[in-house]
Amino acid sequence: MAQWEYSGQQPRRVGETEDVVGDGRHPDAVAGALLEGRSVVMGGPLGSGKSFLRARVVSALRQRGADPIVIRASAVLRESYANVFEAASDPRAGALLHDEPVPSSTILVIDDAQELDATSLAVLFRAVHSGRATALIAVTEPRLPTSRSEGAAEVIHDLWLSGNADRIELLRLSPRDADRLLTLFAPHEPFDSVTRAALLWAADGSRLLLRILVDAGLAALAENRDPIAAIADGASHGALAAVLHAHVRDLDDEQLRALILIDRAAGITRADATRLVPVAVVQELRAAGLVHDDGSTNHRLTANPVLARAAERTLGRDRSEAVVSDALDRLLRDEGRWWSRPLARLLADRWVRTTARPSDLDGVSPDFIGRVVLDAARVANDSGDASDAAAYASWMRTEAAVPALMLEHRFATERLALGVTEESVLDLAASERRRARALVSSPATVGSAAIRDGGDTAVPDALVRSRQAVADLRLRDAVVLTEHIRRDPSTMLLRDRVDAELLTGMARAYLGETSAMREALNRAMRMFMAGASFDDALDRLAARSYDLACRTVAGTDDSEAVDHLAFERDMAVRAGGSALAAASLAAVLVEVRRGRPLAARRELHAAAERAPFRGGEALAMLELETAYGLALYGHPLAAEETLDTVDVPQSASRILQHTAAATSSVVAAAGGRIDEARSHAADAWALSSMSDAVMLQIRDAHRLSVLGHPQAAQHLVELRDVIERVEAPTAHALLQDAESANPAAMGPAIPVERLLRRLRASLSVREDIDETIEPAASLSTKTLTARESEIANLVDKGLSNRDIAEALFLSIRTVESHIYQARAKVGAPTRKELGAIVARDARAHRETPAPTRMTARG
């Protein structure tokens with residue numbers, strides 16, 4: 001199977017779409033204006049769709065019986081002919097040139113008018129001002145206000161300013177329109193979401209560039225390569241290179257240099273960047289979208305990667321290398337009075353490449369060398385570049401044994417030897433925790449020194465123990481531990497405070513205490529949004545992923561959390577590097593929650609290929625979640641394949657063991673192995689029943705009941721009193737649905753699809769899940785009570801649960817319970833589908849003719 005989930009078809013050439021995408025683009029309206037005698041100036045940067053819209057206007061004119069003169073200007077024609085009109089094949093162009101008579105309805109369409117020579121401009125203006133012709137003039141304008149521009153463009157704008165023409169402003173693609181156009185160019189969703197985000201970021205709002213990038217991405221998929229890497233590596237020649245060069249050729253030297261520097265030193269702060277290039281240039285690049293600002297208090301910058309590579313080719317290798325060399329020389333000259341970790345790594349690269357040993361660096365203090373190499377090794381380890389980190393540390397260790405650097409060397413060599421890591425790729429502040437664990441296992445002399453040299457590596461013991469308590473489903477212990485962290489005045493690191501709140505939220509979610517969970521998550525998100533420490537893409541993804549996971553466990557609405565996580569995923573793509581793998585993992589969560597397991601599996605495969613490290617419980621949990629979704633939504637073979645790849649060691653945490661058992665149960669059920677499904681479901685119950693995880697217990701009992709396990713009724717009796725004291729509405733709805741399940745009534749062979757529909761109906765309370773399969777035939781709505789039918793009809797009308805509760809004078813919990821019951825009865829996988837089924841049946845009932853009544857006549 002291809003790692004990138006490509007269908008195996010040959011990549012097609014992405015042609016023009018007939019759809020006009022973008023606001024204010026109405027070919028018929030423009031054609032109407034020209035026919036009424038109003039000239040139009042159409043301006044916008046390269047790739048804004050001028051040629052495309054111009055072609056549609058010409059088509060609309062011809063459909064109305066007009067025959068416009070079409071002239072395409074170019075730099076080549078400007079240099080080859082004294083007059084573009086002279087080169088045109090249409091004899092009417094020559095008539096305009098020589099002031100000969102032309103029909104009064106003559107329409108002139110000129111593309112790339114900024115390339116017109118002076119004589120041609122005079123012909124055009126004379127024709128428009130005299131009324132001999134009406135013109136549609138398409139002008140390519142510079143991207144940046146200070147970029148090089150042609151004088152012809154300014155003259156053409158005077159035509160509009162003087163009132164002799166209307167104007168259409170063609171802007172770059174908005175994010176919404178760019179996403180829509182990408183789907184038109186690649187309609188069968190060949191790309192994972194991270195690749196889509198990377199293509200949209202690289203396209204820079206240009207239709208032309210997006211089209212050629214999609215072409216290159218499809219070609220990479222056909223060759224089983226990562227499209228992101230292929231586009232970055234292979235853009236030095238061919239059509240893509242030509243389009244990229246066209247997009248940067250109007251940038252001046254300062255702009256090109258700034259773009260190259262920010263790309264090479266990805267993550268450089270705005271303050272450090274403006275030490276090396278003019279402030280105005282950085283601001284221009286940010287405003288134009290060529291440089292991304294992560295919005296943190298440090299304002300870390302990254303450049304559009306494919307356009308930055310094009311800038312290097314435009315500037316040339318020697319001058320591009322001089323940009324970086326000048327920046328590193330400035331860092332050396334200032335001797336640490338300011339500091340940039342991205343530049344420190346580039347400096348370490350130069351030293352390791354050009355100098356045999358640290359002592360050969362004349363005029364550089366040992367302390368400065370040690371600081372540079374240590375930061376370079378840390379950045380490399382955190383980015384997953386273990387080989388680089390080992391090289392930096394080994395180079396330094398030839399003359400000096402710096403304890404903290406020895407620790408980095410140990411990280412790197414262990415990773416290179418094992419190729420696996422036990423920490424979560426999405427773990428909050430994961431780099432600090434990795435170092436803390438290494439300190440515990442390192443020799444005492446190295447550990448104590450490393451703590452002195454890098455005090456930020458210590459993690460409060462209570463935080464480590466609370467995380468372990470959640471993993472072992474000792475949730476009350478976790479709440480006590482995290483409360484201690486919250487109240488401890490020594491907890492100064494913002495990451496630790498946010499992490500404590502997120503762990504509290506998770507513990508409360510498992511306990512079914514939804515109000516306390518929301519309060520903890522809200523506190524975490526307030527600190528997260530206001531905190532200066534959250535300028536790392538991995539930390540931001542981790543926080544948002546944990547927030548979504550908590551809401552999933554509690555069964556509360558998570559649409560906003562999904563949107564936030566999707567946003568952070570797209571921002572991580574702009575950070576690049578190891579953030580790409582984390583973004584792919586976050587995308588798995590997003591797709592699972594959207595009810596799109598096939599898309600989740602594609603994201604999982606992409607994440608596995610991009611991850612700098614493999615293994616760990618977090619990845620195993622995501623694999624199990626994906627297999628669970630695949631089984632529930634009708635893909636049993638894919639679910640089996642995904643489940644088989646998951647390694648659950650005997651030392652695994654209780655939460656991982658439980659997830660494995662629950663997933664194995666559903667996968668077996670999807671395959672029709674009901675006895676095996678019951679056995680795994682019983683294993684999951686055995687694990688959750690020994691804990692205080694009420695939300696797991698009720699889901700396990702519900703699964704046992706739907707599967708017809710002989711002990712299901714007894715477990716439900718045991719849970720009933722517990723659930724009565726639980727706040728989460730999901731728990732009450734699941735209990736009612738489990739008590740109404742009666743597999744015995746289905747006969748000895750339970751229909752698999754009906755069983756899976758019942759499990760799907762109780763999977764989530766989300767209101768906007770996008771199904772990946774056609775809904776199976778629904779069960780009869782005759783089994784619904786009058787109240788359930790009433791609520792379902794209100795759902796179909798678009799009312800929220802709160803609105804329904806207020807309209808019917810019910811509690812929200814009661815409304816949610818009725819909806820769960822109704823969904824289970826009719827086999828509706830989502831809330832929205834429930835409303836549609838009930839409304840459809842009601843319409844069918846109304847449209848059925850009533851039988852004719854025969855009456856006796858006296």
# chains A, B, ... in the order shown; residues from 1 in each chain; ligands from 1
>>> residues_around(residues="A:Val281", least_positions_apart="3", cutoff="10 Å", atoms="only C-alpha atoms", output="PyMOL selection string")
chain A and resi 144+146+254-259+274+277-278+284-287
>>> select_by_dssp(residues="stretch 584-793 of chain A", states="helix (DSSP H, G or I)", output="JSON, numbers by chain")
{"A": [584, 585, 586, 587, 588, 589, 590, 591, 592, 593, 597, 598, 599, 600, 601, 602, 603, 604, 605, 606, 607, 608, 609, 610, 617, 618, 619, 620, 621, 622, 623, 624, 625, 626, 627, 628, 629, 630, 631, 632, 636, 637, 638, 639, 640, 641, 642, 643, 644, 654, 655, 656, 657, 658, 659, 660, 661, 662, 663, 664, 665, 666, 667, 668, 669, 670, 674, 675, 676, 677, 678, 679, 680, 681, 682, 683, 684, 685, 686, 687, 688, 689, 694, 695, 696, 697, 698, 699, 700, 701, 702, 703, 704, 705, 706, 707, 712, 713, 714, 715, 716, 717, 718, 719, 720, 721, 722, 723, 724, 729, 730, 731, 732, 733, 734, 735, 736, 737, 738, 739, 740, 743, 744, 745, 746, 752, 753, 754, 755, 756, 757, 758, 759, 760, 761, 781, 782, 783, 786, 787, 788, 789, 790, 791, 792, 793]}
>>> closest_residue(among="A:Ala386, A:Ala220, A:Val722, A:Leu598", to="A:His409", atoms="only C-alpha atoms")
A:Ala386
>>> atom_distance(atom1="atom CA of A:Ala631", atom2="atom CA of A:Ala618")
20.2 Å
>>> select_by_dssp(residues="stretch 153-232 of chain A", states="strand (DSSP E or B)", output="VMD selection string")
chain A and resid 166 to 169
>>> write_last_selection(atoms="N, CA and C atoms", output="compact mmCIF listing (two decimals), in the first residue's frame")
# COMPACT_ATOMS: atom_id res chain seq x y z
N ASP A 166 -14.05 52.01 -15.86
CA ASP A 166 -14.33 51.44 -14.54
C ASP A 166 -13.12 50.61 -14.12
N ARG A 167 -13.15 50.14 -12.87
CA ARG A 167 -12.00 49.34 -12.38
C ARG A 167 -12.51 48.12 -11.62
N ILE A 168 -11.85 46.99 -11.86
CA ILE A 168 -12.09 45.76 -11.11
C ILE A 168 -10.81 45.41 -10.37
N GLU A 169 -10.91 45.27 -9.06
CA GLU A 169 -9.76 44.92 -8.23
C GLU A 169 -9.75 43.41 -8.02
>>> closest_residue(among="A:Ala232, A:Pro342, A:Gly289, A:Ile804", to="A:Ile262", atoms="only C-alpha atoms")
A:Pro342
>>> residues_around(residues="stretch 599-611 of chain A", least_positions_apart="4", cutoff="6 Å", atoms="only C-alpha atoms", output="number ranges by chain")
A: 192, 581, 584-585, 588, 591-592
>>> write_last_selection(atoms="N, CA, C and O atoms", output="tab-separated table (two decimals), in the first residue's frame")
chain	number	residue	atom	x	y	z
A	192	ASP	N	-3.50	14.49	2.06
A	192	ASP	CA	-3.84	14.61	3.48
A	192	ASP	C	-3.96	16.09	3.83
A	192	ASP	O	-3.52	16.97	3.07
A	581	ALA	N	4.97	16.68	11.45
A	581	ALA	CA	4.52	15.39	11.98
A	581	ALA	C	3.45	15.59	13.04
A	581	ALA	O	2.44	14.89	13.08
A	584	SER	N	0.20	16.45	11.48
A	584	SER	CA	-0.47	15.29	10.92
A	584	SER	C	-1.16	14.49	12.01
A	584	SER	O	-2.27	13.98	11.82
A	585	LEU	N	-0.52	14.33	13.17
A	585	LEU	CA	-1.14	13.62	14.27
A	585	LEU	C	-2.38	14.36	14.76
A	585	LEU	O	-3.40	13.75	15.08
A	588	VAL	N	-5.29	13.64	12.65
A	588	VAL	CA	-5.96	12.36	12.92
A	588	VAL	C	-7.11	12.60	13.89
A	588	VAL	O	-8.24	12.12	13.70
A	591	GLU	N	-10.04	14.42	12.14
A	591	GLU	CA	-10.82	13.59	11.22
A	591	GLU	C	-11.63	12.52	11.95
A	591	GLU	O	-12.76	12.21	11.56
A	592	VAL	N	-11.08	11.96	13.01
A	592	VAL	CA	-11.84	11.00	13.80
A	592	VAL	C	-13.07	11.65	14.39
A	592	VAL	O	-14.18	11.10	14.37
>>> closest_residue(among="A:Arg678, A:Arg467, A:Val726, A:Arg319", to="A:Ala712", atoms="only C-alpha atoms")
A:Arg678
>>> closest_atom_pairs(of="stretch 591-698 of chain A", to="stretch 730-733 of chain A", cutoff="10 Å", atoms="only C-alpha atoms", output="Markdown table")
| residue | atom | partner | partner_atom | distance |
| --- | --- | --- | --- | --- |
| A:Val694 | CA | A:Ala731 | CA | 8.2 |
| A:Met695 | CA | A:Ala731 | CA | 6.5 |
| A:Leu696 | CA | A:Ala731 | CA | 9.5 |
| A:Gln697 | CA | A:Ala731 | CA | 9.3 |
| A:Ile698 | CA | A:Ala731 | CA | 6.4 |
>>> closest_residue(among="A:Arg300, A:Arg593, A:Arg357, A:Arg540", to="A:Glu568", atoms="only C-alpha atoms")
A:Arg540
>>> residues_around(residues="A:Leu116", least_positions_apart="4", cutoff="7 Å", atoms="only C-alpha atoms", output="ChimeraX atom specification")
/A:73,78,84,120-121,152
>>> write_last_selection(atoms="C-alpha atoms", output="compact mmCIF listing (two decimals), in the first residue's frame")
# COMPACT_ATOMS: atom_id res chain seq x y z
CA ALA A 73 1.09 42.00 -24.82
CA ARG A 78 7.69 44.95 -26.70
CA VAL A 84 2.04 45.44 -30.35
CA SER A 120 0.79 50.90 -28.33
CA LEU A 121 -0.30 52.81 -25.23
CA ALA A 152 2.83 51.50 -18.38
>>> closest_residue(among="A:Val282, A:Ala31, A:Leu416, A:Leu240", to="A:Arg64", atoms="only C-alpha atoms")
A:Ala31
>>> decode(residues="stretch 92-122 of chain A", atoms="C-alpha atoms", output="PDB file, in the first residue's frame")
ATOM      1  CA  ARG A  92      -8.987  45.776 -37.029  1.00  0.00           C
ATOM      2  CA  ALA A  93      -5.940  46.226 -34.795  1.00  0.00           C
ATOM      3  CA  GLY A  94      -4.055  47.664 -37.745  1.00  0.00           C
ATOM      4  CA  ALA A  95      -7.005  49.959 -38.464  1.00  0.00           C
ATOM      5  CA  LEU A  96      -6.813  51.352 -34.914  1.00  0.00           C
ATOM      6  CA  LEU A  97      -3.069  51.797 -35.331  1.00  0.00           C
ATOM      7  CA  HIS A  98      -3.447  53.837 -38.505  1.00  0.00           C
ATOM      8  CA  ASP A  99      -6.582  55.717 -37.390  1.00  0.00           C
ATOM      9  CA  GLU A 100      -8.648  53.984 -40.043  1.00  0.00           C
ATOM     10  CA  PRO A 101     -12.432  53.513 -39.628  1.00  0.00           C
ATOM     11  CA  VAL A 102     -13.615  50.661 -37.379  1.00  0.00           C
ATOM     12  CA  PRO A 103     -17.181  49.632 -36.387  1.00  0.00           C
ATOM     13  CA  SER A 104     -18.650  51.740 -33.611  1.00  0.00           C
ATOM     14  CA  SER A 105     -19.176  48.635 -31.466  1.00  0.00           C
ATOM     15  CA  THR A 106     -15.517  47.616 -31.505  1.00  0.00           C
ATOM     16  CA  ILE A 107     -14.364  46.037 -28.241  1.00  0.00           C
ATOM     17  CA  LEU A 108     -10.668  45.751 -27.499  1.00  0.00           C
ATOM     18  CA  VAL A 109      -9.398  43.169 -24.957  1.00  0.00           C
ATOM     19  CA  ILE A 110      -5.749  43.505 -23.869  1.00  0.00           C
ATOM     20  CA  ASP A 111      -3.994  41.059 -21.542  1.00  0.00           C
ATOM     21  CA  ASP A 112      -0.756  41.929 -19.674  1.00  0.00           C
ATOM     22  CA  ALA A 113      -1.173  45.555 -20.642  1.00  0.00           C
ATOM     23  CA  GLN A 114       1.732  46.561 -18.369  1.00  0.00           C
ATOM     24  CA  GLU A 115       3.987  45.219 -21.161  1.00  0.00           C
ATOM     25  CA  LEU A 116       2.675  47.652 -23.797  1.00  0.00           C
ATOM     26  CA  ASP A 117       5.227  49.904 -25.464  1.00  0.00           C
ATOM     27  CA  ALA A 118       4.699  53.659 -25.637  1.00  0.00           C
ATOM     28  CA  THR A 119       3.328  53.595 -29.180  1.00  0.00           C
ATOM     29  CA  SER A 120       0.786  50.900 -28.328  1.00  0.00           C
ATOM     30  CA  LEU A 121      -0.298  52.810 -25.226  1.00  0.00           C
ATOM     31  CA  ALA A 122      -0.903  55.867 -27.384  1.00  0.00           C
TER      32      ALA A 122
END
